[in-house]
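Here's the structure we're looking at; comments come further down.
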Amino acid sequence: MSTQSIVILPDTAIELNVTGPETRADAWYGLKDGLHAVTFHLENFTGRIFIEASLETIPASTDWFSVYLNGAKDYMQYPIDPLAPISGSSGDTFVDAYTFQGNFLWLRARVDRSYYVPAPATDDEKSALGSVKKVLLNH
């Protein structure tokens, strides 16, 4: 049963690429089941969301690795169906949830849209890609 819900990525607004703060995971607290759940609260969102973990007590930038959320993918890409976005516009608007298991010390969420070429430059272009309103971690 979830004992706490923590925002690990606040509203991304019009930012293209955002990495959330390091957040203590199950192993930090000595919990042995390693069960975690995340929810992505999306608003017309187009892009990729990664959940990253570290086993280091004080992680450096190279100590992070992606957690597989849906079988064999190290990120979730939205819209899930580019031909039929859930919001009816260009991106997805809904709450998506995943569970995963691992004895991680730290977790963080990361939004990446660096694969867009050319990169959106104006605020209107960035705004058209929507936002992640928040990512919640439950453990």
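Just remember, in the structure tokens the first chain shown is A, the second B, etc., residues are 1-based per chain, and ligands are 1-based in the order shown.
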Strand (DSSP E or B) positions in region 35-137 of chain A, given as a PyMOL selection string: chain A and resi 35-43+45+47-54+65-66+76-78+92+95-101+106-112+131-137
Exercise: Val67 (chain A) partners within 7 Å, only C-alpha atoms, chain neighbours under 4 positions left out, as a list in words: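 The neighbour list is Ile51, Glu52, Ala53 and Asp74 of chain A.
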Could you write those residues out with C-alpha atoms, as a tab-separated table (two decimals), in the first residue's frame?
```tsv
chain	number	residue	atom	x	y	z
A	51	ILE	CA	11.78	7.68	-15.12
A	52	GLU	CA	15.43	7.41	-14.08
A	53	ALA	CA	16.95	5.68	-11.07
A	74	ASP	CA	12.98	3.07	-21.40
```
7 Å contact set for Ala97 (chain A), only C-alpha atoms, chain neighbours under 6 positions out, as a list in words: Val38, Thr39 and Phe40 of chain A
Backbone DSSP call of alpha helix (DSSP H) for chain A, listed as a list of chain:residue names: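 Those in chain A that DSSP calls alpha helix (DSSP H) are A:Asp123, A:Asp124, A:Glu125, A:Lys126, A:Ser127.
CA of Val7 (chain A) is found 22.7 Å from CA of Lys73 (chain A).
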Exercise: Thr122 (chain A) partners within 12 Å, only C-alpha atoms, chain neighbours under 6 positions left out, as a list in words: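 Result of the neighbour search: Ile14, Glu15, Leu16, Ala128 and Leu129 of chain A.
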Would you save the residues of that selection, restricted to N, CA, C and O atoms, as a PDB file, in the first residue's frame?
```
ATOM      1  N   ILE A  14       6.069  25.572 -20.571  1.00  0.00           N
ATOM      2  CA  ILE A  14       6.482  25.510 -21.977  1.00  0.00           C
ATOM      3  C   ILE A  14       7.933  25.059 -22.143  1.00  0.00           C
ATOM      4  O   ILE A  14       8.485  25.162 -23.227  1.00  0.00           O
ATOM      5  N   GLU A  15       8.522  24.551 -21.074  1.00  0.00           N
ATOM      6  CA  GLU A  15       9.893  24.060 -21.180  1.00  0.00           C
ATOM      7  C   GLU A  15       9.929  22.805 -22.047  1.00  0.00           C
ATOM      8  O   GLU A  15       9.082  21.928 -21.915  1.00  0.00           O
ATOM      9  N   LEU A  16      10.912  22.697 -22.910  1.00  0.00           N
ATOM     10  CA  LEU A  16      11.020  21.543 -23.800  1.00  0.00           C
ATOM     11  C   LEU A  16      11.638  20.335 -23.109  1.00  0.00           C
ATOM     12  O   LEU A  16      11.163  19.218 -23.247  1.00  0.00           O
ATOM     13  N   ALA A 128       2.444  24.779 -27.995  1.00  0.00           N
ATOM     14  CA  ALA A 128       1.666  23.836 -28.803  1.00  0.00           C
ATOM     15  C   ALA A 128       2.005  22.386 -28.480  1.00  0.00           C
ATOM     16  O   ALA A 128       1.226  21.479 -28.773  1.00  0.00           O
ATOM     17  N   LEU A 129       3.153  22.138 -27.836  1.00  0.00           N
ATOM     18  CA  LEU A 129       3.559  20.777 -27.466  1.00  0.00           C
ATOM     19  C   LEU A 129       2.980  20.347 -26.122  1.00  0.00           C
ATOM     20  O   LEU A 129       3.211  19.228 -25.672  1.00  0.00           O
TER      21      LEU A 129
END
```
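Among A:Val95, A:Val111, A:Ala37, A:Ala13, the residue with the shortest atom-to-atom distance to Ile49 (chain A), counting only C-alpha atoms, is A:Val111.
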Distance query Thr19 (chain A) at most 8 Å, only C-alpha atoms, self and fewer than 5 positions along chain excluded, as a ChimeraX atom specification: /A:9,108-111
Output the selection as a PDB file, in the first residue's frame - C-alpha atoms for each residue.
```
ATOM      1  CA  LEU A   9       8.279  16.685 -11.543  1.00  0.00           C
ATOM      2  CA  ARG A 108      13.665  11.306 -10.912  1.00  0.00           C
ATOM      3  CA  ALA A 109      11.465  12.129 -13.903  1.00  0.00           C
ATOM      4  CA  ARG A 110      12.724  13.673 -17.120  1.00  0.00           C
ATOM      5  CA  VAL A 111      10.904  15.170 -20.102  1.00  0.00           C
TER       6      VAL A 111
END
```
What lies within 10 Å of Leu31 (chain A) using only C-alpha atoms, ignoring chain neighbours under 4 positions off, as a short mmCIF file (atom, residue, chain, number, x, y, z; two decimals) with N, CA, C and O atoms, in the first residue's frame?
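As written to disk, selection_8.cif reads:
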```cif
data_model
loop_
_atom_site.label_atom_id
_atom_site.label_comp_id
_atom_site.auth_asym_id
_atom_site.auth_seq_id
_atom_site.Cartn_x
_atom_site.Cartn_y
_atom_site.Cartn_z
N ALA A 25 13.94 7.00 -3.03
CA ALA A 25 13.10 5.86 -3.41
C ALA A 25 13.06 4.84 -2.26
O ALA A 25 13.64 5.07 -1.19
N ASP A 26 12.43 3.71 -2.50
CA ASP A 26 12.21 2.69 -1.46
C ASP A 26 13.47 2.27 -0.71
O ASP A 26 13.48 2.19 0.51
N ALA A 27 14.52 1.97 -1.42
CA ALA A 27 15.72 1.44 -0.79
C ALA A 27 16.32 2.45 0.19
O ALA A 27 16.96 2.06 1.17
N LEU A 35 8.65 -1.70 -4.63
CA LEU A 35 7.50 -1.41 -5.48
C LEU A 35 7.25 0.10 -5.51
O LEU A 35 7.14 0.75 -4.48
N ASN A 103 15.17 -2.00 -6.25
CA ASN A 103 15.72 -1.47 -5.00
C ASN A 103 16.59 -0.26 -5.28
O ASN A 103 17.80 -0.28 -5.12
N HIS A 139 5.10 5.26 -3.17
CA HIS A 139 5.84 4.08 -2.71
C HIS A 139 5.62 3.87 -1.23
O HIS A 139 4.99 4.65 -0.57
#
```
Point-to-point distance from CA of Trp28 (chain A) to CA of Thr57 (chain A), Å rounded to tenths: 8.6 Å
From A:Gly130, A:Pro120, A:Pro59, A:Gly34, residue lying nearest Gly91 (chain A) [only C-alpha atoms]: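 So, comparing all the options, the nearest one is A:Gly130.
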Leu69 (chain A) environment, 9 Å, only C-alpha atoms, sequence neighbours closer than 6 positions dropped, as a ChimeraX atom specification: /A:50-51,75-76,98-100
Counting only C-alpha atoms, the residue of A:Phe104, A:Thr46, A:Ile6, A:Ser61 that sits nearest Glu125 (chain A):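 Distance minimum relative to Glu125 (chain A) lands on A:Thr46.
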Interatomic distance, CA of Ser127 (chain A) to CA of Phe45 (chain A) (Å, one decimal): 9.5 Å
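Distance annotation: of A:Thr23, A:Ile80, A:Ser66, A:Val18, the residue with the minimal separation from Leu137 (chain A) is A:Thr23; atom set is only C-alpha atoms.
Here the question is which of A:Ser114, A:Ile8, A:Lys32, A:Arg24 gets nearest to Leu55 (chain A) using only C-alpha atoms, and that residue is A:Arg24.
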Minimum-distance residue to Pro10 (chain A), chosen among A:Leu42, A:Tyr78, A:Trp64, A:Asp33 (using only C-alpha atoms): A:Leu42
